[in-house]
file work.pdb (PDB, C-alpha atoms and all ligand atoms)
ATOM      1  CA  MET A   1      25.508 -26.226   6.952
ATOM      2  CA  LYS A   2      21.806 -25.890   7.695
ATOM      3  CA  VAL A   3      19.640 -23.573   5.607
ATOM      4  CA  LEU A   4      16.397 -21.969   6.736
ATOM      5  CA  LEU A   5      14.278 -20.629   3.876
ATOM      6  CA  THR A   6      11.642 -17.966   4.384
ATOM      7  CA  GLY A   7       8.874 -17.453   1.826
ATOM      8  CA  SER A   8       9.450 -21.083   0.895
ATOM      9  CA  ASN A   9       6.132 -21.411  -0.966
ATOM     10  CA  GLY A  10       7.040 -18.644  -3.416
ATOM     11  CA  GLN A  11       8.607 -19.176  -6.843
ATOM     12  CA  LEU A  12      12.209 -18.943  -5.690
ATOM     13  CA  GLY A  13      11.542 -20.667  -2.365
ATOM     14  CA  ARG A  14      10.164 -23.716  -4.158
ATOM     15  CA  GLU A  15      13.118 -24.001  -6.529
ATOM     16  CA  LEU A  16      15.635 -23.534  -3.710
ATOM     17  CA  THR A  17      13.863 -26.267  -1.764
ATOM     18  CA  ARG A  18      14.099 -28.583  -4.777
ATOM     19  CA  GLN A  19      17.802 -27.916  -5.372
ATOM     20  CA  LEU A  20      18.796 -28.059  -1.693
ATOM     21  CA  LYS A  21      17.103 -31.428  -1.483
ATOM     22  CA  GLU A  22      18.780 -32.625  -4.684
ATOM     23  CA  LYS A  23      22.179 -31.502  -3.338
ATOM     24  CA  LYS A  24      21.468 -33.149   0.022
ATOM     25  CA  ILE A  25      21.923 -29.898   1.933
ATOM     26  CA  ILE A  26      20.072 -29.877   5.243
ATOM     27  CA  HIS A  27      17.277 -27.329   5.052
ATOM     28  CA  VAL A  28      13.912 -26.290   6.434
ATOM     29  CA  GLY A  29      11.360 -24.085   4.742
ATOM     30  CA  TYR A  30       8.860 -21.708   6.290
ATOM     31  CA  ASP A  31       6.242 -19.329   4.974
ATOM     32  CA  ILE A  32       3.331 -17.280   6.266
ATOM     33  CA  PRO A  33       1.333 -17.577   8.440
ATOM     34  CA  GLU A  34       3.624 -19.790  10.551
ATOM     35  CA  PHE A  35       6.739 -17.757   9.794
ATOM     36  CA  ASP A  36       5.815 -14.112   9.240
ATOM     37  CA  ILE A  37       9.028 -12.090   8.943
ATOM     38  CA  THR A  38       7.254  -9.038  10.352
ATOM     39  CA  ASP A  39       6.737 -10.836  13.684
ATOM     40  CA  LYS A  40      10.128 -10.751  15.370
ATOM     41  CA  GLU A  41       9.261 -12.785  18.451
ATOM     42  CA  LYS A  42       7.695 -15.560  16.442
ATOM     43  CA  ILE A  43      10.567 -15.856  13.962
ATOM     44  CA  ALA A  44      13.192 -15.621  16.718
ATOM     45  CA  ALA A  45      11.565 -18.583  18.464
ATOM     46  CA  ILE A  46      11.590 -20.683  15.276
ATOM     47  CA  ILE A  47      15.168 -19.729  14.414
ATOM     48  CA  ASN A  48      16.245 -20.613  17.973
ATOM     49  CA  LYS A  49      14.597 -23.979  17.587
ATOM     50  CA  GLU A  50      16.021 -24.714  14.106
ATOM     51  CA  GLN A  51      19.550 -23.342  14.679
ATOM     52  CA  PRO A  52      20.309 -22.661  10.979
ATOM     53  CA  THR A  53      23.753 -21.511   9.867
ATOM     54  CA  ILE A  54      22.251 -19.755   6.823
ATOM     55  CA  ILE A  55      18.935 -17.965   6.279
ATOM     56  CA  ILE A  56      17.763 -17.308   2.720
ATOM     57  CA  ASN A  57      15.030 -14.706   2.773
ATOM     58  CA  CYS A  58      12.666 -15.318  -0.134
ATOM     59  CA  GLY A  59       9.744 -13.815   1.784
ATOM     60  CA  ALA A  60       8.552 -10.602   0.149
ATOM     61  CA  LEU A  61       5.598  -8.571  -1.032
ATOM     62  CA  THR A  62       6.242  -8.858  -4.758
ATOM     63  CA  ASN A  63       3.044  -7.318  -6.151
ATOM     64  CA  VAL A  64       4.573  -4.162  -7.613
ATOM     65  CA  ASP A  65       1.231  -2.415  -8.213
ATOM     66  CA  GLY A  66      -0.181  -3.579  -4.865
ATOM     67  CA  CYS A  67       2.775  -2.005  -3.066
ATOM     68  CA  GLU A  68       1.825   1.451  -4.424
ATOM     69  CA  THR A  69      -1.396   1.422  -2.418
ATOM     70  CA  GLN A  70      -0.026  -0.543   0.565
ATOM     71  CA  ARG A  71       3.126   1.354   1.476
ATOM     72  CA  ASP A  72       3.046   0.365   5.160
ATOM     73  CA  LEU A  73       2.652  -3.309   4.358
ATOM     74  CA  ALA A  74       5.375  -3.142   1.670
ATOM     75  CA  MET A  75       7.790  -1.499   4.122
ATOM     76  CA  ALA A  76       6.902  -3.984   6.863
ATOM     77  CA  ILE A  77       7.497  -7.076   4.712
ATOM     78  CA  ASN A  78      10.309  -5.862   2.436
ATOM     79  CA  ALA A  79      12.275  -3.720   4.896
ATOM     80  CA  VAL A  80      11.306  -4.324   8.548
ATOM     81  CA  GLY A  81      11.211  -8.119   8.093
ATOM     82  CA  PRO A  82      14.762  -8.190   6.662
ATOM     83  CA  GLU A  83      15.848  -5.911   9.525
ATOM     84  CA  TYR A  84      14.579  -8.437  12.084
ATOM     85  CA  LEU A  85      16.293 -11.267  10.216
ATOM     86  CA  ALA A  86      19.526  -9.241  10.108
ATOM     87  CA  GLU A  87      19.399  -8.587  13.861
ATOM     88  CA  ILE A  88      18.899 -12.282  14.576
ATOM     89  CA  ALA A  89      21.612 -13.221  12.063
ATOM     90  CA  LYS A  90      24.034 -10.854  13.750
ATOM     91  CA  ALA A  91      23.259 -12.100  17.265
ATOM     92  CA  GLN A  92      23.581 -15.771  16.267
ATOM     93  CA  ASP A  93      26.400 -15.538  13.700
ATOM     94  CA  ILE A  94      24.097 -16.678  10.875
ATOM     95  CA  VAL A  95      24.775 -15.893   7.204
ATOM     96  CA  LEU A  96      21.840 -13.967   5.690
ATOM     97  CA  VAL A  97      20.871 -14.000   2.013
ATOM     98  CA  GLN A  98      18.514 -11.192   1.060
ATOM     99  CA  VAL A  99      16.960 -11.470  -2.389
ATOM    100  CA  SER A 100      16.411  -8.111  -4.048
ATOM    101  CA  THR A 101      15.416  -6.575  -7.335
ATOM    102  CA  ASP A 102      16.239  -4.435 -10.366
ATOM    103  CA  TYR A 103      13.557  -2.014  -9.077
ATOM    104  CA  VAL A 104      16.123  -0.488  -6.684
ATOM    105  CA  PHE A 105      17.556   1.309  -9.753
ATOM    106  CA  ASP A 106      15.873   4.216 -11.536
ATOM    107  CA  GLY A 107      15.156   2.114 -14.628
ATOM    108  CA  ALA A 108      16.383   4.784 -17.017
ATOM    109  CA  GLY A 109      19.711   3.047 -17.562
ATOM    110  CA  ILE A 110      23.197   4.500 -17.543
ATOM    111  CA  LYS A 111      24.759   5.696 -20.766
ATOM    112  CA  ALA A 112      28.328   4.828 -21.640
ATOM    113  CA  GLU A 113      29.543   6.539 -24.827
ATOM    114  CA  GLY A 114      25.938   7.260 -25.812
ATOM    115  CA  VAL A 115      24.754   3.654 -25.384
ATOM    116  CA  LEU A 116      22.805   2.217 -22.449
ATOM    117  CA  ARG A 117      24.841  -0.240 -20.417
ATOM    118  CA  PRO A 118      23.639  -2.777 -17.838
ATOM    119  CA  TYR A 119      23.623  -1.774 -14.170
ATOM    120  CA  VAL A 120      26.463  -3.206 -12.080
ATOM    121  CA  GLU A 121      26.300  -3.817  -8.334
ATOM    122  CA  THR A 122      28.112  -0.574  -7.469
ATOM    123  CA  ASP A 123      25.874   1.753  -9.504
ATOM    124  CA  PRO A 124      23.848   4.222  -7.414
ATOM    125  CA  ILE A 125      20.322   3.116  -6.596
ATOM    126  CA  ASP A 126      17.302   5.398  -7.057
ATOM    127  CA  PRO A 127      14.000   3.523  -6.786
ATOM    128  CA  LYS A 128      10.942   5.014  -8.486
ATOM    129  CA  THR A 129       8.227   2.829  -6.967
ATOM    130  CA  VAL A 130       7.082   1.911  -3.460
ATOM    131  CA  TYR A 131       8.133  -1.681  -4.160
ATOM    132  CA  GLY A 132      11.609  -0.514  -5.196
ATOM    133  CA  GLU A 133      11.880   1.803  -2.182
ATOM    134  CA  SER A 134      10.886  -0.956   0.215
ATOM    135  CA  LYS A 135      13.338  -3.451  -1.315
ATOM    136  CA  ALA A 136      16.109  -0.816  -1.274
ATOM    137  CA  ALA A 137      15.392  -0.192   2.411
ATOM    138  CA  GLY A 138      15.601  -3.967   2.980
ATOM    139  CA  GLU A 139      19.014  -4.115   1.296
ATOM    140  CA  LYS A 140      20.264  -1.208   3.406
ATOM    141  CA  VAL A 141      19.323  -2.664   6.782
ATOM    142  CA  VAL A 142      20.734  -6.073   5.893
ATOM    143  CA  ALA A 143      24.053  -4.569   4.769
ATOM    144  CA  GLU A 144      24.230  -2.327   7.841
ATOM    145  CA  ILE A 145      23.289  -4.897  10.460
ATOM    146  CA  ALA A 146      24.235  -8.414   9.318
ATOM    147  CA  PRO A 147      28.011  -8.964   9.355
ATOM    148  CA  LYS A 148      27.726 -11.907   6.927
ATOM    149  CA  TYR A 149      25.288 -11.080   4.137
ATOM    150  CA  PHE A 150      24.671 -11.746   0.467
ATOM    151  CA  ILE A 151      22.317  -9.331  -1.271
ATOM    152  CA  VAL A 152      21.303 -10.905  -4.578
ATOM    153  CA  ARG A 153      19.366  -8.717  -7.011
ATOM    154  CA  THR A 154      17.412 -10.429  -9.734
ATOM    155  CA  ALA A 155      14.773  -9.437 -12.310
ATOM    156  CA  TRP A 156      11.927 -10.741 -14.485
ATOM    157  CA  LEU A 157      11.819 -13.954 -12.472
ATOM    158  CA  TYR A 158       9.756 -17.006 -13.463
ATOM    159  CA  GLY A 159       9.422 -20.425 -11.889
ATOM    160  CA  ASP A 160       6.804 -22.441 -10.041
ATOM    161  CA  GLY A 161       4.194 -19.724  -9.428
ATOM    162  CA  ASN A 162       2.441 -16.895 -11.184
ATOM    163  CA  ASN A 163       4.669 -15.200 -13.726
ATOM    164  CA  PHE A 164       4.797 -13.613 -17.180
ATOM    165  CA  VAL A 165       5.330 -16.913 -19.037
ATOM    166  CA  LYS A 166       2.219 -18.496 -17.556
ATOM    167  CA  THR A 167       0.224 -15.291 -18.032
ATOM    168  CA  MET A 168       1.128 -15.208 -21.737
ATOM    169  CA  LEU A 169       0.223 -18.877 -22.245
ATOM    170  CA  ASP A 170      -3.059 -18.345 -20.438
ATOM    171  CA  LEU A 171      -3.930 -15.192 -22.394
ATOM    172  CA  ALA A 172      -3.049 -16.908 -25.675
ATOM    173  CA  SER A 173      -5.483 -19.701 -24.893
ATOM    174  CA  LYS A 174      -8.326 -17.194 -24.481
ATOM    175  CA  ASN A 175      -7.627 -14.443 -27.000
ATOM    176  CA  PRO A 176      -7.053 -14.327 -30.768
ATOM    177  CA  LYS A 177      -4.674 -11.372 -30.460
ATOM    178  CA  LEU A 178      -2.464  -9.882 -27.714
ATOM    179  CA  THR A 179      -0.746  -6.568 -27.132
ATOM    180  CA  VAL A 180       2.583  -6.593 -25.274
ATOM    181  CA  VAL A 181       4.847  -3.738 -24.190
ATOM    182  CA  ASP A 182       7.898  -3.326 -26.407
ATOM    183  CA  ASP A 183       9.733  -0.402 -24.780
ATOM    184  CA  GLN A 184      10.760  -2.002 -21.493
ATOM    185  CA  VAL A 185      13.933  -4.046 -21.628
ATOM    186  CA  GLY A 186      15.240  -6.579 -19.110
ATOM    187  CA  SER A 187      16.559 -10.111 -18.661
ATOM    188  CA  PRO A 188      14.014 -12.884 -18.075
ATOM    189  CA  THR A 189      15.462 -15.084 -15.332
ATOM    190  CA  SER A 190      14.656 -18.654 -14.406
ATOM    191  CA  THR A 191      14.473 -19.546 -10.724
ATOM    192  CA  VAL A 192      16.553 -22.633 -11.665
ATOM    193  CA  ASP A 193      19.564 -20.474 -12.553
ATOM    194  CA  LEU A 194      19.060 -18.086  -9.641
ATOM    195  CA  ALA A 195      18.685 -20.809  -7.017
ATOM    196  CA  ALA A 196      21.854 -22.517  -8.283
ATOM    197  CA  ALA A 197      23.785 -19.234  -8.033
ATOM    198  CA  ILE A 198      22.565 -18.631  -4.472
ATOM    199  CA  ILE A 199      23.549 -22.157  -3.429
ATOM    200  CA  ASP A 200      27.005 -21.623  -4.962
ATOM    201  CA  LEU A 201      27.380 -18.339  -3.076
ATOM    202  CA  ILE A 202      26.478 -19.761   0.334
ATOM    203  CA  HIS A 203      29.364 -22.174  -0.022
ATOM    204  CA  THR A 204      31.730 -19.182  -0.023
ATOM    205  CA  ASP A 205      32.476 -16.301   2.313
ATOM    206  CA  HIS A 206      32.493 -13.701  -0.462
ATOM    207  CA  TYR A 207      29.848 -11.614   1.255
ATOM    208  CA  GLY A 208      28.408  -8.557  -0.464
ATOM    209  CA  TYR A 209      26.155  -7.406  -3.312
ATOM    210  CA  TYR A 210      25.443  -9.543  -6.390
ATOM    211  CA  HIS A 211      23.393  -9.338  -9.543
ATOM    212  CA  GLY A 212      21.869 -12.630 -10.625
ATOM    213  CA  THR A 213      19.987 -12.625 -13.938
ATOM    214  CA  CYS A 214      20.061 -14.767 -17.035
ATOM    215  CA  GLU A 215      22.329 -13.564 -19.819
ATOM    216  CA  GLY A 216      21.090 -11.390 -22.662
ATOM    217  CA  GLN A 217      18.251  -8.924 -22.817
ATOM    218  CA  CYS A 218      14.920  -8.403 -24.537
ATOM    219  CA  SER A 219      11.653  -6.493 -24.313
ATOM    220  CA  TRP A 220       8.470  -8.031 -22.896
ATOM    221  CA  TYR A 221       7.269  -8.209 -26.516
ATOM    222  CA  ASP A 222      10.383 -10.173 -27.600
ATOM    223  CA  PHE A 223       9.945 -12.405 -24.544
ATOM    224  CA  ALA A 224       6.305 -13.108 -25.470
ATOM    225  CA  LEU A 225       7.218 -13.916 -29.085
ATOM    226  CA  GLU A 226       9.874 -16.411 -27.913
ATOM    227  CA  ILE A 227       7.411 -18.049 -25.481
ATOM    228  CA  PHE A 228       4.904 -18.545 -28.306
ATOM    229  CA  ARG A 229       7.531 -19.658 -30.844
ATOM    230  CA  LEU A 230       8.929 -22.301 -28.488
ATOM    231  CA  SER A 231       5.419 -23.432 -27.524
ATOM    232  CA  GLY A 232       4.312 -23.732 -31.152
ATOM    233  CA  ILE A 233       1.496 -21.222 -30.590
ATOM    234  CA  GLU A 234       0.474 -19.097 -33.548
ATOM    235  CA  ILE A 235      -1.044 -15.849 -32.356
ATOM    236  CA  GLU A 236      -0.971 -12.239 -33.464
ATOM    237  CA  VAL A 237       1.059 -10.128 -31.013
ATOM    238  CA  GLU A 238       1.072  -6.358 -31.348
ATOM    239  CA  PRO A 239       3.898  -4.344 -29.768
ATOM    240  CA  VAL A 240       2.691  -1.374 -27.686
ATOM    241  CA  THR A 241       4.368   1.383 -25.672
ATOM    242  CA  SER A 242       4.304   1.825 -21.881
ATOM    243  CA  GLU A 243       2.090   4.868 -22.457
ATOM    244  CA  GLN A 244      -0.492   2.616 -24.124
ATOM    245  CA  PHE A 245      -0.396   0.173 -21.202
ATOM    246  CA  VAL A 246      -0.434   2.315 -18.056
ATOM    247  CA  ARG A 247      -0.023   0.535 -14.709
ATOM    248  CA  PRO A 248      -0.386   1.907 -11.141
ATOM    249  CA  ALA A 249       3.395   1.619 -10.577
ATOM    250  CA  PRO A 250       5.726   2.944 -13.284
ATOM    251  CA  ARG A 251       7.781   0.189 -14.920
ATOM    252  CA  PRO A 252      11.512   0.546 -15.589
ATOM    253  CA  LYS A 253      12.337   1.159 -19.254
ATOM    254  CA  TYR A 254      15.793  -0.356 -18.913
ATOM    255  CA  SER A 255      16.341  -2.932 -16.203
ATOM    256  CA  VAL A 256      19.284  -4.962 -17.432
ATOM    257  CA  LEU A 257      21.656  -6.104 -14.683
ATOM    258  CA  GLU A 258      25.189  -7.324 -15.297
ATOM    259  CA  ASN A 259      26.358 -10.201 -13.083
ATOM    260  CA  LYS A 260      29.673  -8.447 -12.605
ATOM    261  CA  ALA A 261      30.436  -9.565  -9.059
ATOM    262  CA  LEU A 262      29.768 -13.205 -10.004
ATOM    263  CA  ASN A 263      31.865 -12.825 -13.169
ATOM    264  CA  ASP A 264      34.733 -11.379 -11.142
ATOM    265  CA  LEU A 265      34.682 -14.553  -9.016
ATOM    266  CA  ASN A 266      34.315 -16.838 -12.068
ATOM    267  CA  MET A 267      30.965 -17.871 -10.582
ATOM    268  CA  ASN A 268      28.578 -16.643 -13.250
ATOM    269  CA  HIS A 269      26.884 -19.792 -14.532
ATOM    270  CA  PHE A 270      23.632 -18.156 -15.636
ATOM    271  CA  ARG A 271      22.466 -19.398 -19.020
ATOM    272  CA  THR A 272      21.052 -17.143 -21.733
ATOM    273  CA  TRP A 273      17.415 -16.277 -21.100
ATOM    274  CA  GLN A 274      16.446 -18.240 -24.216
ATOM    275  CA  GLU A 275      18.211 -21.440 -23.036
ATOM    276  CA  SER A 276      16.564 -21.305 -19.623
ATOM    277  CA  LEU A 277      13.178 -20.617 -21.178
ATOM    278  CA  VAL A 278      13.437 -23.758 -23.351
ATOM    279  CA  GLU A 279      13.972 -25.870 -20.226
ATOM    280  CA  TYR A 280      11.130 -24.171 -18.363
ATOM    281  CA  LEU A 281       8.627 -24.722 -21.175
ATOM    282  CA  GLU A 282       9.720 -28.368 -21.518
ATOM    283  CA  ASN A 283       9.060 -28.899 -17.790
ATOM    284  CA  LEU A 284       5.644 -27.202 -17.994
ATOM    285  CA  LYS A 285       4.428 -29.826 -20.486
TER
HETATM  286  N1  LIG B   1       9.058 -12.189  -9.222
HETATM  287  C1  LIG B   1       9.921 -11.359  -9.841
HETATM  288  O1  LIG B   1       9.797 -11.054 -11.032
HETATM  289  C2  LIG B   1      11.073 -10.788  -9.069
HETATM  290  C3  LIG B   1      11.931  -9.909  -9.728
HETATM  291  C4  LIG B   1      13.000  -9.379  -9.011
HETATM  292  C5  LIG B   1      13.202  -9.718  -7.702
HETATM  293  N2  LIG B   1      12.342 -10.553  -7.078
HETATM  294  C6  LIG B   1      12.588 -10.875  -5.692
HETATM  295  O2  LIG B   1      12.852 -12.260  -5.594
HETATM  296  C7  LIG B   1      12.371 -12.763  -4.342
HETATM  297  C8  LIG B   1      11.525 -13.989  -4.597
HETATM  298  O3  LIG B   1      10.481 -13.625  -5.474
HETATM  299  P1  LIG B   1       9.344 -14.656  -5.892
HETATM  300  O4  LIG B   1       8.982 -14.363  -7.306
HETATM  301  O5  LIG B   1       9.744 -16.018  -5.483
HETATM  302  O6  LIG B   1       8.175 -14.126  -4.970
HETATM  303  P2  LIG B   1       6.805 -14.838  -4.563
HETATM  304  O7  LIG B   1       6.538 -15.983  -5.474
HETATM  305  O8  LIG B   1       5.804 -13.753  -4.433
HETATM  306  O9  LIG B   1       7.161 -15.427  -3.127
HETATM  307  C9  LIG B   1       7.233 -14.644  -1.991
HETATM  308  C10 LIG B   1       6.826 -15.504  -0.830
HETATM  309  O10 LIG B   1       6.900 -14.718   0.372
HETATM  310  C11 LIG B   1       5.705 -14.943   1.113
HETATM  311  N3  LIG B   1       5.450 -13.865   2.061
HETATM  312  C12 LIG B   1       4.629 -12.791   1.920
HETATM  313  N4  LIG B   1       4.616 -12.070   3.047
HETATM  314  C13 LIG B   1       5.456 -12.684   3.920
HETATM  315  C14 LIG B   1       5.821 -12.444   5.273
HETATM  316  N5  LIG B   1       5.331 -11.393   5.943
HETATM  317  N6  LIG B   1       6.679 -13.279   5.868
HETATM  318  C15 LIG B   1       7.175 -14.364   5.212
HETATM  319  N7  LIG B   1       6.858 -14.651   3.937
HETATM  320  C16 LIG B   1       6.003 -13.826   3.298
HETATM  321  C17 LIG B   1       4.661 -15.064   0.034
HETATM  322  O11 LIG B   1       3.471 -15.614   0.538
HETATM  323  P3  LIG B   1       2.068 -15.214  -0.212
HETATM  324  O12 LIG B   1       2.249 -15.582  -1.653
HETATM  325  O13 LIG B   1       1.050 -16.034   0.507
HETATM  326  O14 LIG B   1       1.910 -13.742  -0.042
HETATM  327  C18 LIG B   1       5.368 -15.981  -0.945
HETATM  328  O15 LIG B   1       5.264 -17.342  -0.573
HETATM  329  C19 LIG B   1      11.676 -11.601  -3.664
HETATM  330  O16 LIG B   1      12.554 -11.016  -2.746
HETATM  331  C20 LIG B   1      11.405 -10.619  -4.784
HETATM  332  O17 LIG B   1      11.376  -9.291  -4.306
HETATM  333  C21 LIG B   1      11.289 -11.109  -7.732
END
call {"tool": "encode", "arguments": {"input": "work.pdb", "output": "C-alpha cells", "more": "lines below"}}
Ligand SMILES: NC(=O)c1ccc[n+]([C@@H]2O[C@H](COP(=O)([O-])OP(=O)(O)OC[C@H]3O[C@@H](n4cnc5c(N)ncnc54)[C@H](OP(=O)(O)O)[C@@H]3O)[C@@H](O)[C@H]2O)c1
result
Amino acid sequence: MKVLLTGSNGQLGRELTRQLKEKKIIHVGYDIPEFDITDKEKIAAIINKEQPTIIINCGALTNVDGCETQRDLAMAINAVGPEYLAEIAKAQDIVLVQVSTDYVFDGAGIKAEGVLRPYVETDPIDPKTVYGESKAAGEKVVAEIAPKYFIVRTAWLYGDGNNFVKTMLDLASKNPKLTVVDDQVGSPTSTVDLAAAIIDLIHTDHYGYYHGTCEGQCSWYDFALEIFRLSGIEIEVEPVTSEQFVRPAPRPKYSVLENKALNDLNMNHFRTWQESLVEYLENLK
C-alpha cells in the first residue's frame, strides 16, 4: 500500500500524515502550488512518478462564503480536480478517497414521526450553497468515473488549522462577551477520529459512500460553551439566531450525519464530540 495525499497541508491532510506515519504506512503528501488538482498534466506526472495505490483527496476550497463569490474557482477545485483524480485513478487502478461534506444536503433535516433525524448516506442530496454544489459535483464525478472509490462526508471539522475552536478561544481572549448562533445543529468532528476512519476504510474494499462525524449533536452555541468550560474560561456567551448573524452563504439549520454505513460494517469508532474535544484542547496546551 502506498498513499498519496493531496491538500496535505490542510487540517485533515496534516492529521492523516501524522497517523499514516505512526502506523508505518508508506505515504507522500502534496499540496498547492506543486500539486494543484486543477492541473491535470502536472498531477498526472507526479502520480506517474509516485505510483500510489491509494489517493486521498484532502485538497479543496473550503471557504464556504468565499465560494459564493468564486463559483468558477469552487467548481474547478471541488469538482473538476476530483474528476481529474478519478480519471487517473481509473486508468491506473488506484483507489480514490474523496472527502466531502454535510453541505451536499439541504440542511433542513428529514422528519421521521415529526422529529428531525440525522441524514444517512442514501438520503437525497440538495445543496443550497455554491460550496455544497461544488462538493456534490465532486462526489458525482468520483462515483461515476473511479471504479474503486470511498466518498467520506464529514462536518464541523477541527484539527491543525483554522477552525471554530481556535476562533472561539481567540475571540474570548479579546472580548468580554460573545454572541454565538444557537439555531444551527451539527456534530463537531475531530480530524483525529476522521483520519482514523479513513485509514480503516482504505484497508478494506467496501467502496462507496460514508458519513464520518463524531457522535452526538449540538448547536454552535453549545459547542462554544463546552470549549470555554473545558478550557476554564469564564465569559458571557449570548445565544443568537441565524437571522441575527447573516453570512454570505446560508448555513444549514440541521446538519447531523449518521455514520450508518460504518455502523453497518461495525467500523464506526468515532468518539462523542465532547470526548474528542477534550483531547484536542489538551493537545493545544
Ligand atoms: N473544515 C470543515 O469544517 C469541513 C467540513 C466538512 C467537510 N470538509 C471537507 O474536508 C476536507 C478537508 O477539509 P480541511 O478542513 O482539512 O480543509 P483545509 O484545511 O482548507 O485544507 C484544504 C487543503 O487543500 C489545499 N488546496 C486548495 N486548493 C487546492 C488545489 N487546487 N489543489 C490541491 N490542493 C488545494 C488548501 O491549500 P490552501 O489552504 O493554501 O488553500 C489546503 O491545504 C475537504 O474536502 C472539505 O471540503 C471540511
call {"tool": "residues_around", "arguments": {"input": "work.pdb", "residues": "stretch 172-177 of chain A", "least_positions_apart": "5", "cutoff": "10 Å", "atoms": "all atoms listed in the file", "output": "list of chain:residue names"}}
result
A:Lys166, A:Thr167, A:Phe228, A:Ile233, A:Glu234, A:Ile235, A:Glu236, A:Val237, A:Glu238
call {"tool": "write_last_selection", "arguments": {"input": "work.pdb", "atoms": "C-alpha atoms", "output": "short mmCIF file (atom, residue, chain, number, x, y, z; two decimals), in the frame of the given file"}}
result
data_model
loop_
_atom_site.label_atom_id
_atom_site.label_comp_id
_atom_site.auth_asym_id
_atom_site.auth_seq_id
_atom_site.Cartn_x
_atom_site.Cartn_y
_atom_site.Cartn_z
CA LYS A 166 2.22 -18.50 -17.56
CA THR A 167 0.22 -15.29 -18.03
CA PHE A 228 4.90 -18.55 -28.31
CA ILE A 233 1.50 -21.22 -30.59
CA GLU A 234 0.47 -19.10 -33.55
CA ILE A 235 -1.04 -15.85 -32.36
CA GLU A 236 -0.97 -12.24 -33.46
CA VAL A 237 1.06 -10.13 -31.01
CA GLU A 238 1.07 -6.36 -31.35
#
call {"tool": "residues_around", "arguments": {"input": "work.pdb", "residues": "A:Gly186", "least_positions_apart": "4", "cutoff": "7 Å", "atoms": "only C-alpha atoms", "output": "compact mmCIF listing (two decimals) with C-alpha atoms, in the frame of the given file"}}
result
# COMPACT_ATOMS: atom_id res chain seq x y z
CA GLN A 217 18.25 -8.92 -22.82
CA CYS A 218 14.92 -8.40 -24.54
CA SER A 219 11.65 -6.49 -24.31
CA TYR A 254 15.79 -0.36 -18.91
CA SER A 255 16.34 -2.93 -16.20
CA VAL A 256 19.28 -4.96 -17.43
call {"tool": "closest_residue", "arguments": {"input": "work.pdb", "among": "A:Tyr149, A:Tyr119, A:Phe105, A:Phe164", "to": "ligand LIG 1 (chain B)", "atoms": "only C-alpha atoms and all ligand atoms"}}
result
A:Phe164
call {"tool": "residues_near_ligand", "arguments": {"input": "work.pdb", "ligand": "ligand LIG 1 (chain B)", "cutoff": "8 Å", "atoms": "all atoms listed in the file", "output": "JSON list (two decimals) with C-alpha atoms, in the frame of the given file"}}
result
[["chain", "number", "residue", "atom", "x", "y", "z"],
["A", 6, "THR", "CA", 11.64, -17.97, 4.38],
["A", 7, "GLY", "CA", 8.87, -17.45, 1.83],
["A", 8, "SER", "CA", 9.45, -21.08, 0.90],
["A", 9, "ASN", "CA", 6.13, -21.41, -0.97],
["A", 10, "GLY", "CA", 7.04, -18.64, -3.42],
["A", 11, "GLN", "CA", 8.61, -19.18, -6.84],
["A", 12, "LEU", "CA", 12.21, -18.94, -5.69],
["A", 13, "GLY", "CA", 11.54, -20.67, -2.37],
["A", 14, "ARG", "CA", 10.16, -23.72, -4.16],
["A", 30, "TYR", "CA", 8.86, -21.71, 6.29],
["A", 31, "ASP", "CA", 6.24, -19.33, 4.97],
["A", 32, "ILE", "CA", 3.33, -17.28, 6.27],
["A", 33, "PRO", "CA", 1.33, -17.58, 8.44],
["A", 35, "PHE", "CA", 6.74, -17.76, 9.79],
["A", 36, "ASP", "CA", 5.82, -14.11, 9.24],
["A", 37, "ILE", "CA", 9.03, -12.09, 8.94],
["A", 38, "THR", "CA", 7.25, -9.04, 10.35],
["A", 39, "ASP", "CA", 6.74, -10.84, 13.68],
["A", 57, "ASN", "CA", 15.03, -14.71, 2.77],
["A", 58, "CYS", "CA", 12.67, -15.32, -0.13],
["A", 59, "GLY", "CA", 9.74, -13.82, 1.78],
["A", 60, "ALA", "CA", 8.55, -10.60, 0.15],
["A", 61, "LEU", "CA", 5.60, -8.57, -1.03],
["A", 62, "THR", "CA", 6.24, -8.86, -4.76],
["A", 63, "ASN", "CA", 3.04, -7.32, -6.15],
["A", 76, "ALA", "CA", 6.90, -3.98, 6.86],
["A", 77, "ILE", "CA", 7.50, -7.08, 4.71],
["A", 78, "ASN", "CA", 10.31, -5.86, 2.44],
["A", 81, "GLY", "CA", 11.21, -8.12, 8.09],
["A", 98, "GLN", "CA", 18.51, -11.19, 1.06],
["A", 99, "VAL", "CA", 16.96, -11.47, -2.39],
["A", 100, "SER", "CA", 16.41, -8.11, -4.05],
["A", 101, "THR", "CA", 15.42, -6.58, -7.34],
["A", 102, "ASP", "CA", 16.24, -4.43, -10.37],
["A", 103, "TYR", "CA", 13.56, -2.01, -9.08],
["A", 135, "LYS", "CA", 13.34, -3.45, -1.32],
["A", 153, "ARG", "CA", 19.37, -8.72, -7.01],
["A", 154, "THR", "CA", 17.41, -10.43, -9.73],
["A", 155, "ALA", "CA", 14.77, -9.44, -12.31],
["A", 156, "TRP", "CA", 11.93, -10.74, -14.48],
["A", 157, "LEU", "CA", 11.82, -13.95, -12.47],
["A", 158, "TYR", "CA", 9.76, -17.01, -13.46],
["A", 159, "GLY", "CA", 9.42, -20.42, -11.89],
["A", 160, "ASP", "CA", 6.80, -22.44, -10.04],
["A", 161, "GLY", "CA", 4.19, -19.72, -9.43],
["A", 162, "ASN", "CA", 2.44, -16.90, -11.18],
["A", 163, "ASN", "CA", 4.67, -15.20, -13.73],
["A", 191, "THR", "CA", 14.47, -19.55, -10.72]]
call {"tool": "atom_distance", "arguments": {"input": "work.pdb", "atom1": "atom CA of A:Lys128", "atom2": "atom CA of A:Tyr84"}}
result
24.8 Å
call {"tool": "closest_residue", "arguments": {"input": "work.pdb", "among": "A:Ala137, A:Ile110, A:Ala249, A:Ala44", "to": "A:Pro124", "atoms": "all atoms listed in the file"}}
result
A:Ile110
call {"tool": "resolve_selection", "arguments": {"input": "work.pdb", "expression": "the PyMOL selection byres (((chain A and resi 28) around 12) and not hetatm)", "output": "JSON, numbers by chain"}}
result
{"A": [1, 2, 3, 4, 5, 6, 7, 8, 9, 13, 14, 16, 17, 18, 20, 21, 25, 26, 27, 29, 30, 31, 35, 46, 47, 49, 50, 51, 52, 53, 54, 55, 56]}
